[in-house]
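Q: The structure is given below, and queries will be raised subsequently.
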Amino acid sequence: MAQPLYRTGQVELVRSGVLAATVFTKGDMVAMSGSDANFIPVSTVQWDTDLATTQAAIADVFVGITWDKSSSTDTDAINVDMSADSVYEFDVPSGTFTLGQSLGPDQDGSNQSVLSNKLEGAVVASSVARSFEEATSAVTRLLVKFSSAYNTSSSNANASMG
């Protein structure tokens, strides 16, 4: 898999801590941990029943895309882009995509977990991204915009104030 790439658009960076032993690669999808307000890779969100249910749980706490890497010994805060206007190029399963198609984290093969750096189709309520291009021929990389649950300008169904 290729590393996700930032392509264009306004970036809104937020910073928060990470727990020891948490590893991030630049371009990973990031969620907020439940009780301690630290960033976690979406791949560490607990699997719940099936992919759609897990994607919905991730959408509830989805922050954005990391701009920093973090090793297992780092606990320093990292920068995460939570802008609704940034465009990234992300891996997707080979297929065609419509402009504005809802996307969520891809399942890690037959494992009961998701990947932090690959997207696949998702229902609107469970999506964390939308296709930013039409792909009428099969592609494995796609331009996308992300939808943070913490940015009221995003299309994330969970983004709200209060």
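The way I read the labels, and the way they are meant: chains A, B, ... in the order of the structure tokens, residue 1 as the first residue of every chain, and ligand 1 as the first ligand shown, with later ones counted on from there.
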So that I can see what lies close to Asn38 in chain A, please list as a PyMOL selection string the residues with an atom at most 7 Å from it, counting only C-alpha atoms and leaving out residues fewer than 5 positions away in the same chain.

A: chain A and resi 16-19+32-33

Q: Show me a table, sorted first by chain and then by increasing residue number, of the residues of range 66-120 of chain A having an atom at most 7 Å from range 131-139 of chain A, each with its shortest atom pair and the distance in Å to one decimal, counting only C-alpha atoms and written as a tab-separated table.

A:
residue	atom	partner	partner_atom	distance
A:Ser94	CA	A:Val139	CA	5.3
A:Gly95	CA	A:Ala138	CA	4.3
A:Thr96	CA	A:Ala138	CA	4.8
A:Phe97	CA	A:Ala135	CA	4.9
A:Thr98	CA	A:Glu134	CA	4.7
A:Leu99	CA	A:Glu134	CA	4.6
A:Gly100	CA	A:Ser131	CA	4.7
A:Gln101	CA	A:Ser131	CA	5.1
A:Ser102	CA	A:Ser131	CA	6.8

Q: Can I get the selected residues back with N, CA and C atoms, as a tab-separated table (two decimals), in the first residue's frame?

A:
chain	number	residue	atom	x	y	z
A	94	SER	N	-9.75	-2.06	-5.59
A	94	SER	CA	-9.92	-1.84	-7.02
A	94	SER	C	-11.41	-1.79	-7.36
A	95	GLY	N	-11.81	-0.69	-7.99
A	95	GLY	CA	-13.21	-0.54	-8.37
A	95	GLY	C	-13.49	0.82	-8.94
A	96	THR	N	-14.77	1.07	-9.25
A	96	THR	CA	-15.20	2.36	-9.75
A	96	THR	C	-15.88	3.12	-8.61
A	97	PHE	N	-15.86	4.45	-8.70
A	97	PHE	CA	-16.40	5.29	-7.64
A	97	PHE	C	-17.11	6.48	-8.25
A	98	THR	N	-18.19	6.90	-7.61
A	98	THR	CA	-18.92	8.07	-8.06
A	98	THR	C	-18.45	9.29	-7.27
A	99	LEU	N	-18.60	10.46	-7.86
A	99	LEU	CA	-18.27	11.70	-7.18
A	99	LEU	C	-19.18	11.84	-5.96
A	100	GLY	N	-18.59	12.05	-4.78
A	100	GLY	CA	-19.36	12.21	-3.56
A	100	GLY	C	-19.72	10.91	-2.87
A	101	GLN	N	-19.22	9.77	-3.39
A	101	GLN	CA	-19.53	8.48	-2.77
A	101	GLN	C	-19.02	8.42	-1.34
A	102	SER	N	-19.84	7.90	-0.44
A	102	SER	CA	-19.47	7.77	0.97
A	102	SER	C	-18.44	6.66	1.15

Q: Which of range 28-134 of chain A end up as strand (DSSP E or B) when DSSP is run on this backbone - answer as an MDAnalysis selection string?

A: chainID A and resid 29:32 39:41 62:66 70 78:81 87:97 102:107 114:121 129:131

Q: Those residues with N, CA and C atoms, as a tab-separated table (two decimals), in the first residue's frame please?

A:
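selection26.tsv was written with the following content:
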chain	number	residue	atom	x	y	z
A	29	MET	N	-5.56	7.61	9.31
A	29	MET	CA	-6.82	8.12	9.82
A	29	MET	C	-6.79	8.04	11.34
A	30	VAL	N	-7.29	9.09	12.00
A	30	VAL	CA	-7.16	9.24	13.45
A	30	VAL	C	-8.53	9.38	14.10
A	31	ALA	N	-8.70	8.73	15.25
A	31	ALA	CA	-9.90	8.85	16.07
A	31	ALA	C	-9.51	9.38	17.44
A	32	MET	N	-10.52	9.80	18.20
A	32	MET	CA	-10.29	10.24	19.58
A	32	MET	C	-10.61	9.07	20.50
A	39	PHE	N	-5.27	10.91	20.81
A	39	PHE	CA	-5.48	10.42	19.45
A	39	PHE	C	-5.08	8.95	19.36
A	40	ILE	N	-5.83	8.19	18.57
A	40	ILE	CA	-5.52	6.79	18.30
A	40	ILE	C	-5.73	6.52	16.82
A	41	PRO	N	-4.97	5.58	16.24
A	41	PRO	CA	-5.24	5.19	14.85
A	41	PRO	C	-6.61	4.50	14.79
A	62	PHE	N	-14.23	10.11	14.77
A	62	PHE	CA	-13.21	10.37	13.75
A	62	PHE	C	-12.74	11.82	13.83
A	63	VAL	N	-11.41	12.02	13.87
A	63	VAL	CA	-10.83	13.36	13.96
A	63	VAL	C	-10.34	13.82	12.60
A	64	GLY	N	-9.47	13.05	11.95
A	64	GLY	CA	-8.91	13.48	10.67
A	64	GLY	C	-7.70	12.65	10.28
A	65	ILE	N	-6.74	13.31	9.62
A	65	ILE	CA	-5.57	12.66	9.05
A	65	ILE	C	-4.30	13.20	9.71
A	66	THR	N	-3.46	12.30	10.19
A	66	THR	CA	-2.25	12.74	10.88
A	66	THR	C	-1.22	13.31	9.90
A	70	SER	N	4.60	8.90	14.70
A	70	SER	CA	4.86	8.75	16.12
A	70	SER	C	5.28	7.31	16.37
A	78	ILE	N	0.62	15.23	18.53
A	78	ILE	CA	0.79	15.18	17.08
A	78	ILE	C	-0.23	16.09	16.41
A	79	ASN	N	0.08	16.51	15.16
A	79	ASN	CA	-0.82	17.34	14.37
A	79	ASN	C	-1.73	16.47	13.53
A	80	VAL	N	-3.02	16.78	13.55
A	80	VAL	CA	-4.01	16.06	12.76
A	80	VAL	C	-4.85	17.09	12.00
A	81	ASP	N	-5.00	16.87	10.69
A	81	ASP	CA	-5.82	17.74	9.85
A	81	ASP	C	-7.28	17.34	9.98
A	87	VAL	N	-7.92	17.84	0.45
A	87	VAL	CA	-8.09	16.72	-0.47
A	87	VAL	C	-6.86	15.82	-0.35
A	88	TYR	N	-7.11	14.53	-0.17
A	88	TYR	CA	-6.06	13.53	-0.04
A	88	TYR	C	-6.23	12.47	-1.11
A	89	GLU	N	-5.13	11.80	-1.44
A	89	GLU	CA	-5.17	10.64	-2.32
A	89	GLU	C	-4.95	9.41	-1.44
A	90	PHE	N	-5.94	8.51	-1.44
A	90	PHE	CA	-5.94	7.35	-0.55
A	90	PHE	C	-6.10	6.06	-1.34
A	91	ASP	N	-5.56	4.97	-0.80
A	91	ASP	CA	-5.79	3.64	-1.37
A	91	ASP	C	-7.24	3.24	-1.17
A	92	VAL	N	-7.77	2.53	-2.17
A	92	VAL	CA	-9.12	1.96	-2.12
A	92	VAL	C	-9.06	0.58	-2.78
A	93	PRO	N	-10.01	-0.30	-2.50
A	93	PRO	CA	-10.05	-1.57	-3.23
A	93	PRO	C	-10.30	-1.28	-4.71
A	94	SER	N	-9.75	-2.06	-5.59
A	94	SER	CA	-9.92	-1.84	-7.02
A	94	SER	C	-11.41	-1.79	-7.36
A	95	GLY	N	-11.81	-0.69	-7.99
A	95	GLY	CA	-13.21	-0.54	-8.37
A	95	GLY	C	-13.49	0.82	-8.94
A	96	THR	N	-14.77	1.07	-9.25
A	96	THR	CA	-15.20	2.36	-9.75
A	96	THR	C	-15.88	3.12	-8.61
A	97	PHE	N	-15.86	4.45	-8.70
A	97	PHE	CA	-16.40	5.29	-7.64
A	97	PHE	C	-17.11	6.48	-8.25
A	102	SER	N	-19.84	7.90	-0.44
A	102	SER	CA	-19.47	7.77	0.97
A	102	SER	C	-18.44	6.66	1.15
A	103	LEU	N	-17.44	6.93	1.99
A	103	LEU	CA	-16.34	5.99	2.23
A	103	LEU	C	-16.05	5.88	3.72
A	104	GLY	N	-15.58	4.70	4.12
A	104	GLY	CA	-15.14	4.47	5.49
A	104	GLY	C	-13.89	3.62	5.49
A	105	PRO	N	-13.30	3.39	6.64
A	105	PRO	CA	-12.08	2.56	6.71
A	105	PRO	C	-12.34	1.16	6.14
A	106	ASP	N	-11.37	0.64	5.41
A	106	ASP	CA	-11.45	-0.68	4.80
A	106	ASP	C	-11.14	-1.75	5.84
A	107	GLN	N	-11.79	-2.89	5.70
A	107	GLN	CA	-11.50	-4.02	6.59
A	107	GLN	C	-10.13	-4.60	6.26
A	114	VAL	N	-9.91	-2.80	11.12
A	114	VAL	CA	-9.87	-1.96	9.93
A	114	VAL	C	-8.47	-1.41	9.74
A	115	LEU	N	-8.23	-0.88	8.55
A	115	LEU	CA	-6.94	-0.28	8.22
A	115	LEU	C	-7.01	1.23	8.46
A	116	SER	N	-5.88	1.83	8.85
A	116	SER	CA	-5.82	3.27	9.10
A	116	SER	C	-5.45	4.05	7.85
A	117	ASN	N	-5.16	3.34	6.75
A	117	ASN	CA	-4.68	4.05	5.57
A	117	ASN	C	-5.33	3.56	4.26
A	118	LYS	N	-6.54	2.98	4.36
A	118	LYS	CA	-7.25	2.53	3.17
A	118	LYS	C	-8.75	2.67	3.40
A	119	LEU	N	-9.46	3.12	2.36
A	119	LEU	CA	-10.90	3.35	2.43
A	119	LEU	C	-11.67	2.39	1.54
A	120	GLU	N	-12.95	2.19	1.84
A	120	GLU	CA	-13.86	1.45	0.98
A	120	GLU	C	-15.24	2.07	1.14
A	121	GLY	N	-16.20	1.64	0.33
A	121	GLY	CA	-17.55	2.17	0.39
A	121	GLY	C	-18.17	2.00	1.77
A	129	ALA	N	-15.42	9.88	4.92
A	129	ALA	CA	-14.87	10.55	3.74
A	129	ALA	C	-15.86	10.45	2.58
A	130	ARG	N	-15.60	11.28	1.58
A	130	ARG	CA	-16.37	11.26	0.32
A	130	ARG	C	-15.40	11.35	-0.84
A	131	SER	N	-15.76	10.64	-1.91
A	131	SER	CA	-14.94	10.68	-3.11
A	131	SER	C	-14.95	12.10	-3.68

Q: Going by DSSP on the backbone, which bits of chain A are helix (DSSP H, G or I)? Write them as a count of residues only, please.

A: 17

Q: Quick one: pull the distance between CA of Ser153 in chain A and CA of Thr140 in chain A, Å, one decimal.

A: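 According to the coordinates, CA of Ser153 in chain A and CA of Thr140 in chain A are separated by 28.0 Å.
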
Q: For range 44-57 of chain A, find every residue with an atom within 6 Å (counting only C-alpha atoms), except residues of its own chain fewer than 3 positions away, and show them as a list in words.

A: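 Close residues of range 44-57 of chain A: Pro41, Asp60, Gln112, Ser113 and Ser126 of chain A.
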
Q: Let me make sure I understand: among A:Val123, A:Asp68, A:Gly109, A:Ala84, which one has the smallest atom-to-atom distance to Ser155 in chain A if we use only C-alpha atoms?

A: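 Selected residue with least distance to Ser155 in chain A: A:Ala84.
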
Q: Which value, in Å to one decimal, gives the distance between CA of Val11 in chain A and CA of Asn151 in chain A?

A: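 Result for CA of Val11 in chain A versus CA of Asn151 in chain A: 12.1 Å, one decimal.
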
Q: With a distance cut-off of 9 Å and only C-alpha atoms, select the neighbouring residues of Asp85 in chain A, excluding the residue or stretch itself and same-chain residues fewer than 6 positions from it, and output the selection as a list in words.

A: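 The contact residues come out as Thr8, Gly9, Gln10, Val11, Glu12, Lys145, Phe146, Ser153 and Ser154 of chain A.
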
Q: For a quick check of understanding, using only C-alpha atoms, which of A:Asp76, A:Arg141, A:Asn158, A:Ala125 has the smallest distance to Ala21 in chain A?

A: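 Selected residue with least distance to Ala21 in chain A: A:Asp76.
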